[in-house]
Every structure is written in structure tokens, then in C-alpha cells.
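Presented below is the structure to which this report refers.
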Amino acid sequence: MTLMTERPTISGTEPHSFEDLLDALDKLIVPDGYKAEIIRASIVLSPFSKAYYTRVMRLVCQQLESYLPTGHTIERAPNLFVFPEGERAYGPDVYAADDRVFDADSNHLDGDALSFVAELTSSSTRDNDLTDKVLVYGKAGVPVYLLLDMQEKQATVFSTPSAKGYESRCTVPFGEDLAIPAPFDCTLDTGGFLTAVTKNSAP
């Protein structure tokens, strides 16, 4: 396996069942600084986000904490959520899920427990965040998908999940307020995202 820091690394070229890939992922020794997901019938290793992304993720958690559905928790801890129908397994940057999903002796968490996911794009993950994950999260019925495009400095919220993905979307540039729909029904202040990106952008 070849590891690259600018693009995700895909392991294996032979077709595998989704269960085989999950088993292989369990046995995989993931190098420090990388996370592993199953995307398009392959195990994909991508580098962790830049340090200042942590500030943005924390701001998302802080703002949504008071609006969580009853019995749900918002987290940034590394967990793998499984979507068997889509044959995907993702580790969202930020997520809200029913507390009951964490009462299990497994690292394969049920994607049906999710009420919210957020992904922060990087050069290595941007394509999948903008395409594959929009479709899979929507088809799985995740109510809200927040995509923070760190390269374009804009936030998009996807809602109204359906068999085709999401029926609704709204995009604003960082710095403007973004309405987060049900089950949260709140407003996200993206000003802190713009500050973090601008402060850490290369001159």
C-alpha cells in the first residue's frame, strides 16, 4: 500500500464484498495521522485535517449542542458509521447520534442512529465529501448534512433526505448565518469559520 498525503489512498484492486471490506478494515493497521473509510468498494486512507480545523469543528459542536434531538449527543470522536445498503463506512468529522448507538461492543456503528453529520473538506477528501457522501447520507435518511468547504470558504446544508440523496440545499459564504433545519431548527454563525480559515491561509 502506498500512502500519499495530498490524495486519499485506495487499498486493493480486486472486487470484495462489503463484509469482507469491513473485516479487512478491522485488521488494518492505520498509520498515525490517517483515518480509514470504505468508499466505492475500496478502503480509503486519508490524512487527518489540519490543526485549525479542530477549532471549526468545536464551533459547530458548541452551537448545535443546545438544539440536539432528545437523547442525542454531538461528538468529534473517531467512530465509524456503517451504511450496509450503500456499502459504505464513514468516519464523519462531526456527528450527532442517538446515545443508544454507543452502547455496543463494536466499532461499526449504525448509520441509522445519526441525526446530523458534518464534513470539512480537504484536498484529499473534497470530491467524496461533495458527491459520494451527499448521496449516501441522504439515501440513508440522515436528516442534516453540513458540508464546510474549506477551500471555497462556504457552508452548505443538505436536508430533506430521499432515495435520490437530498431534496434541499442552501449555501452561504463563510461569515454569513446559515439556517440549520429540523430536527435542529437553529441558526449557525459561520463567522468563526471564516476567521479560522483566513488566519491560517497561506499568504
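Chain labels A, B, ... are given in the sequence in which chains occur in the C-alpha cells; within each chain residues are numbered consecutively from 1, and ligands are likewise numbered from 1 in the order shown.
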
Worksheet item: Leaving out A:Val60 and any residue of its chain fewer than 5 positions from it, which residues lie within 12 Å of it when counting only C-alpha atoms, given as a ChimeraX atom specification?
Response: /A:53-55,65-67,74-76,93-96,116-120,146-148,155,178,180,186-193

Would you mind exporting the chosen residues as a CSV table (one decimal), in the first residue's frame, restricted to N, CA and C atoms?
chain,number,residue,atom,x,y,z
A,53,TYR,N,-8.6,23.1,11.8
A,53,TYR,CA,-10.0,22.5,11.5
A,53,TYR,C,-10.6,22.1,12.8
A,54,THR,N,-9.8,21.8,13.8
A,54,THR,CA,-10.4,21.4,15.1
A,54,THR,C,-11.1,22.6,15.7
A,55,ARG,N,-10.7,23.8,15.6
A,55,ARG,CA,-11.4,25.0,16.1
A,55,ARG,C,-12.8,25.1,15.4
A,65,GLU,N,-25.2,22.2,20.2
A,65,GLU,CA,-25.4,21.4,21.5
A,65,GLU,C,-26.8,21.7,22.1
A,66,SER,N,-27.2,22.9,22.1
A,66,SER,CA,-28.5,23.2,22.8
A,66,SER,C,-29.7,22.8,21.9
A,67,TYR,N,-29.5,22.4,20.7
A,67,TYR,CA,-30.6,22.1,19.8
A,67,TYR,C,-30.7,20.7,19.4
A,74,ILE,N,-23.7,15.1,20.4
A,74,ILE,CA,-22.8,15.6,19.3
A,74,ILE,C,-21.4,15.3,19.7
A,75,GLU,N,-20.6,14.8,18.7
A,75,GLU,CA,-19.3,14.3,19.0
A,75,GLU,C,-18.3,14.6,17.8
A,76,ARG,N,-17.0,14.6,18.2
A,76,ARG,CA,-15.9,14.7,17.2
A,76,ARG,C,-15.0,13.5,17.3
A,93,ASP,N,-16.5,14.0,10.4
A,93,ASP,CA,-15.7,14.9,11.2
A,93,ASP,C,-16.4,15.3,12.5
A,94,VAL,N,-17.7,15.6,12.3
A,94,VAL,CA,-18.6,15.9,13.4
A,94,VAL,C,-19.9,15.1,13.2
A,95,TYR,N,-20.6,14.7,14.2
A,95,TYR,CA,-21.8,13.9,14.1
A,95,TYR,C,-22.6,14.0,15.3
A,96,ALA,N,-24.0,13.9,15.1
A,96,ALA,CA,-24.9,13.8,16.3
A,96,ALA,C,-25.6,12.5,16.1
A,116,PHE,N,-27.3,14.0,12.4
A,116,PHE,CA,-26.5,15.1,11.8
A,116,PHE,C,-25.1,14.6,11.5
A,117,VAL,N,-24.6,15.1,10.4
A,117,VAL,CA,-23.2,14.9,10.1
A,117,VAL,C,-22.6,16.1,9.5
A,118,ALA,N,-21.3,16.4,9.8
A,118,ALA,CA,-20.6,17.5,9.2
A,118,ALA,C,-19.3,17.0,8.6
A,119,GLU,N,-18.9,17.4,7.4
A,119,GLU,CA,-17.6,17.1,6.9
A,119,GLU,C,-16.9,18.4,6.5
A,120,LEU,N,-15.7,18.5,6.8
A,120,LEU,CA,-14.8,19.6,6.4
A,120,LEU,C,-13.9,19.2,5.3
A,146,LEU,N,-24.1,18.8,6.9
A,146,LEU,CA,-23.4,20.1,6.8
A,146,LEU,C,-22.1,19.9,6.1
A,147,LEU,N,-21.9,20.5,5.0
A,147,LEU,CA,-20.6,20.5,4.3
A,147,LEU,C,-19.9,21.8,4.4
A,148,LEU,N,-18.8,21.8,5.0
A,148,LEU,CA,-18.0,23.0,5.2
A,148,LEU,C,-16.8,22.9,4.1
A,155,ALA,N,-20.4,27.3,3.3
A,155,ALA,CA,-21.0,26.2,4.0
A,155,ALA,C,-22.3,25.9,3.3
A,178,LEU,N,-26.3,30.6,8.6
A,178,LEU,CA,-26.9,29.5,7.9
A,178,LEU,C,-28.0,28.9,8.7
A,180,ILE,N,-30.1,26.0,10.0
A,180,ILE,CA,-30.0,24.5,10.1
A,180,ILE,C,-31.4,24.0,10.3
A,186,CYS,N,-32.3,25.8,14.0
A,186,CYS,CA,-31.5,26.8,14.6
A,186,CYS,C,-30.6,27.5,13.5
A,187,THR,N,-29.9,28.5,13.9
A,187,THR,CA,-29.1,29.3,13.0
A,187,THR,C,-27.6,29.1,13.4
A,188,LEU,N,-26.8,28.8,12.4
A,188,LEU,CA,-25.3,28.6,12.6
A,188,LEU,C,-24.6,29.8,12.2
A,189,ASP,N,-23.8,30.4,13.1
A,189,ASP,CA,-23.0,31.5,12.8
A,189,ASP,C,-21.7,31.0,12.2
A,190,THR,N,-21.4,31.3,11.0
A,190,THR,CA,-20.2,30.8,10.3
A,190,THR,C,-19.0,31.8,10.4
A,191,GLY,N,-19.2,32.9,11.1
A,191,GLY,CA,-18.1,33.9,11.2
A,191,GLY,C,-16.8,33.4,11.7
A,192,GLY,N,-16.9,32.5,12.7
A,192,GLY,CA,-15.7,31.9,13.3
A,192,GLY,C,-15.0,31.0,12.3
A,193,PHE,N,-15.7,30.4,11.3
A,193,PHE,CA,-15.1,29.6,10.3
A,193,PHE,C,-14.2,30.4,9.4

Could you produce a table of the residues of stretch 103-201 of chain A lying within 10 Å of stretch 28-41 of chain A, with the nearest pair of atoms per residue and their separation in Å rounded to one decimal, using only C-alpha atoms, ordered by chain and increasing residue number, as CSV?
residue,atom,partner,partner_atom,distance
A:Asn128,CA,A:Ile39,CA,8.2
A:Asp132,CA,A:Ile39,CA,7.8
A:Lys133,CA,A:Ile39,CA,8.9

Please tabulate, as JSON lines, the residues of stretch 53-130 of chain A that come within 12 Å of stretch 140-144 of chain A, each with its closest pair of atoms and the distance in Å to one decimal, counting only C-alpha atoms and ordering rows by chain, then residue number upward.
{"residue": "A:Leu64", "atom": "CA", "partner": "A:Val144", "partner_atom": "CA", "distance": 11.9}
{"residue": "A:Leu68", "atom": "CA", "partner": "A:Val144", "partner_atom": "CA", "distance": 11.8}
{"residue": "A:Pro69", "atom": "CA", "partner": "A:Pro143", "partner_atom": "CA", "distance": 11.2}
{"residue": "A:Phe81", "atom": "CA", "partner": "A:Ala140", "partner_atom": "CA", "distance": 11.2}
{"residue": "A:Val82", "atom": "CA", "partner": "A:Ala140", "partner_atom": "CA", "distance": 10.1}
{"residue": "A:Phe83", "atom": "CA", "partner": "A:Ala140", "partner_atom": "CA", "distance": 7.1}
{"residue": "A:Pro84", "atom": "CA", "partner": "A:Ala140", "partner_atom": "CA", "distance": 9.4}
{"residue": "A:Glu85", "atom": "CA", "partner": "A:Ala140", "partner_atom": "CA", "distance": 8.0}
{"residue": "A:Gly86", "atom": "CA", "partner": "A:Ala140", "partner_atom": "CA", "distance": 7.9}
{"residue": "A:Glu87", "atom": "CA", "partner": "A:Ala140", "partner_atom": "CA", "distance": 11.0}
{"residue": "A:Arg88", "atom": "CA", "partner": "A:Ala140", "partner_atom": "CA", "distance": 10.5}
{"residue": "A:Ala89", "atom": "CA", "partner": "A:Ala140", "partner_atom": "CA", "distance": 11.8}
{"residue": "A:Val94", "atom": "CA", "partner": "A:Val144", "partner_atom": "CA", "distance": 11.7}
{"residue": "A:Tyr95", "atom": "CA", "partner": "A:Val144", "partner_atom": "CA", "distance": 9.9}
{"residue": "A:Ala96", "atom": "CA", "partner": "A:Val144", "partner_atom": "CA", "distance": 9.7}
{"residue": "A:Ala97", "atom": "CA", "partner": "A:Val142", "partner_atom": "CA", "distance": 9.8}
{"residue": "A:Asp98", "atom": "CA", "partner": "A:Val142", "partner_atom": "CA", "distance": 11.9}
{"residue": "A:Asp110", "atom": "CA", "partner": "A:Ala140", "partner_atom": "CA", "distance": 10.5}
{"residue": "A:Gly111", "atom": "CA", "partner": "A:Ala140", "partner_atom": "CA", "distance": 7.4}
{"residue": "A:Asp112", "atom": "CA", "partner": "A:Ala140", "partner_atom": "CA", "distance": 6.9}
{"residue": "A:Ala113", "atom": "CA", "partner": "A:Val142", "partner_atom": "CA", "distance": 8.4}
{"residue": "A:Leu114", "atom": "CA", "partner": "A:Val142", "partner_atom": "CA", "distance": 5.9}
{"residue": "A:Ser115", "atom": "CA", "partner": "A:Pro143", "partner_atom": "CA", "distance": 5.5}
{"residue": "A:Phe116", "atom": "CA", "partner": "A:Val144", "partner_atom": "CA", "distance": 4.9}
{"residue": "A:Val117", "atom": "CA", "partner": "A:Val144", "partner_atom": "CA", "distance": 6.5}
{"residue": "A:Ala118", "atom": "CA", "partner": "A:Val144", "partner_atom": "CA", "distance": 8.4}
{"residue": "A:Glu119", "atom": "CA", "partner": "A:Val144", "partner_atom": "CA", "distance": 11.4}

Please, could you write that set of residues out with N, CA and C atoms as a JSON list (two decimals), in the first residue's frame?
[["chain", "number", "residue", "atom", "x", "y", "z"],
["A", 64, "LEU", "N", -24.52, 23.80, 18.12],
["A", 64, "LEU", "CA", -25.65, 22.88, 17.96],
["A", 64, "LEU", "C", -26.03, 22.15, 19.24],
["A", 68, "LEU", "N", -29.95, 19.81, 20.09],
["A", 68, "LEU", "CA", -29.94, 18.39, 19.75],
["A", 68, "LEU", "C", -31.30, 17.74, 19.99],
["A", 69, "PRO", "N", -31.66, 16.77, 19.16],
["A", 69, "PRO", "CA", -32.87, 15.99, 19.45],
["A", 69, "PRO", "C", -32.70, 15.28, 20.80],
["A", 81, "PHE", "N", -19.26, 4.88, 11.10],
["A", 81, "PHE", "CA", -20.68, 4.62, 10.91],
["A", 81, "PHE", "C", -20.87, 3.83, 9.61],
["A", 82, "VAL", "N", -21.67, 2.78, 9.71],
["A", 82, "VAL", "CA", -21.81, 1.83, 8.62],
["A", 82, "VAL", "C", -23.16, 1.99, 7.93],
["A", 83, "PHE", "N", -23.12, 1.96, 6.60],
["A", 83, "PHE", "CA", -24.31, 2.07, 5.76],
["A", 83, "PHE", "C", -24.35, 0.86, 4.83],
["A", 84, "PRO", "N", -24.89, -0.27, 5.30],
["A", 84, "PRO", "CA", -24.83, -1.51, 4.52],
["A", 84, "PRO", "C", -25.49, -1.40, 3.15],
["A", 85, "GLU", "N", -26.62, -0.71, 3.05],
["A", 85, "GLU", "CA", -27.31, -0.62, 1.76],
["A", 85, "GLU", "C", -26.47, 0.12, 0.73],
["A", 86, "GLY", "N", -25.71, 1.11, 1.19],
["A", 86, "GLY", "CA", -24.84, 1.84, 0.28],
["A", 86, "GLY", "C", -23.45, 1.24, 0.21],
["A", 87, "GLU", "N", -23.20, 0.20, 1.03],
["A", 87, "GLU", "CA", -21.89, -0.44, 1.11],
["A", 87, "GLU", "C", -20.79, 0.60, 1.36],
["A", 88, "ARG", "N", -21.05, 1.42, 2.37],
["A", 88, "ARG", "CA", -20.11, 2.47, 2.76],
["A", 88, "ARG", "C", -19.91, 2.41, 4.27],
["A", 89, "ALA", "N", -18.77, 2.92, 4.71],
["A", 89, "ALA", "CA", -18.49, 3.10, 6.13],
["A", 89, "ALA", "C", -17.70, 4.40, 6.26],
["A", 94, "VAL", "N", -17.73, 15.58, 12.30],
["A", 94, "VAL", "CA", -18.62, 15.89, 13.41],
["A", 94, "VAL", "C", -19.92, 15.13, 13.17],
["A", 95, "TYR", "N", -20.55, 14.65, 14.23],
["A", 95, "TYR", "CA", -21.81, 13.95, 14.06],
["A", 95, "TYR", "C", -22.64, 14.03, 15.32],
["A", 96, "ALA", "N", -23.95, 13.93, 15.15],
["A", 96, "ALA", "CA", -24.88, 13.79, 16.26],
["A", 96, "ALA", "C", -25.61, 12.48, 16.07],
["A", 97, "ALA", "N", -25.72, 11.71, 17.15],
["A", 97, "ALA", "CA", -26.35, 10.39, 17.05],
["A", 97, "ALA", "C", -27.06, 10.05, 18.35],
["A", 98, "ASP", "N", -28.00, 9.12, 18.23],
["A", 98, "ASP", "CA", -28.73, 8.62, 19.39],
["A", 98, "ASP", "C", -27.72, 7.97, 20.34],
["A", 110, "ASP", "N", -24.21, 2.01, 13.79],
["A", 110, "ASP", "CA", -25.33, 2.02, 12.85],
["A", 110, "ASP", "C", -25.57, 3.44, 12.33],
["A", 111, "GLY", "N", -25.47, 3.61, 11.02],
["A", 111, "GLY", "CA", -25.70, 4.92, 10.41],
["A", 111, "GLY", "C", -27.11, 5.43, 10.62],
["A", 112, "ASP", "N", -28.06, 4.52, 10.89],
["A", 112, "ASP", "CA", -29.45, 4.93, 11.12],
["A", 112, "ASP", "C", -29.59, 5.76, 12.39],
["A", 113, "ALA", "N", -28.60, 5.72, 13.28],
["A", 113, "ALA", "CA", -28.68, 6.45, 14.54],
["A", 113, "ALA", "C", -28.34, 7.94, 14.37],
["A", 114, "LEU", "N", -27.83, 8.31, 13.23],
["A", 114, "LEU", "CA", -27.36, 9.69, 13.01],
["A", 114, "LEU", "C", -28.51, 10.66, 12.78],
["A", 115, "SER", "N", -28.42, 11.83, 13.39],
["A", 115, "SER", "CA", -29.34, 12.92, 13.11],
["A", 115, "SER", "C", -28.64, 14.07, 12.40],
["A", 116, "PHE", "N", -27.31, 14.04, 12.40],
["A", 116, "PHE", "CA", -26.54, 15.14, 11.82],
["A", 116, "PHE", "C", -25.13, 14.65, 11.53],
["A", 117, "VAL", "N", -24.59, 15.07, 10.39],
["A", 117, "VAL", "CA", -23.18, 14.86, 10.09],
["A", 117, "VAL", "C", -22.62, 16.15, 9.51],
["A", 118, "ALA", "N", -21.34, 16.38, 9.76],
["A", 118, "ALA", "CA", -20.63, 17.50, 9.15],
["A", 118, "ALA", "C", -19.29, 17.01, 8.65],
["A", 119, "GLU", "N", -18.94, 17.42, 7.45],
["A", 119, "GLU", "CA", -17.64, 17.10, 6.88],
["A", 119, "GLU", "C", -16.95, 18.40, 6.51]]

Worksheet item: By how many Å are atom CA of A:Tyr52 and atom CA of A:Met150 apart?
Response: 10.9 Å

Discussion item. Just list as a PyMOL selection string whatever in stretch 62-162 of chain A DSSP marks as strand (DSSP E).
Written reply: chain A and resi 72-75+80-83+88-90+94-98+108-110+114-120+144-149+154-162

Worksheet item: Pick the closest to A:Leu109 from A:Ser201, A:Asn79, A:Thr156, A:Ser168: which is it, counting only C-alpha atoms?
Response: A:Asn79

Fill in: Every residue of stretch 23-151 of chain A that DSSP places in helix (DSSP H, G or I), as a ChimeraX atom specification
/A:23-27,53-67,84-86,99-102,111-113,126-130,132-139

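Among A:Ser122, A:Asp177, A:Lys139, A:Phe102, the residue with the shortest atom-to-atom distance to A:Thr73, counting only C-alpha atoms, is A:Phe102.
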
Worksheet item: Between atom CA of A:Ala179 and atom CA of A:Thr160, what is the distance, to one decimal in Å?
Response: 13.7 Å

Worksheet item: What is the atom CA of A:His72 to atom CA of A:Gly165 distance in Å?
Response: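 Between these atoms lies a distance of 23.0 Å.
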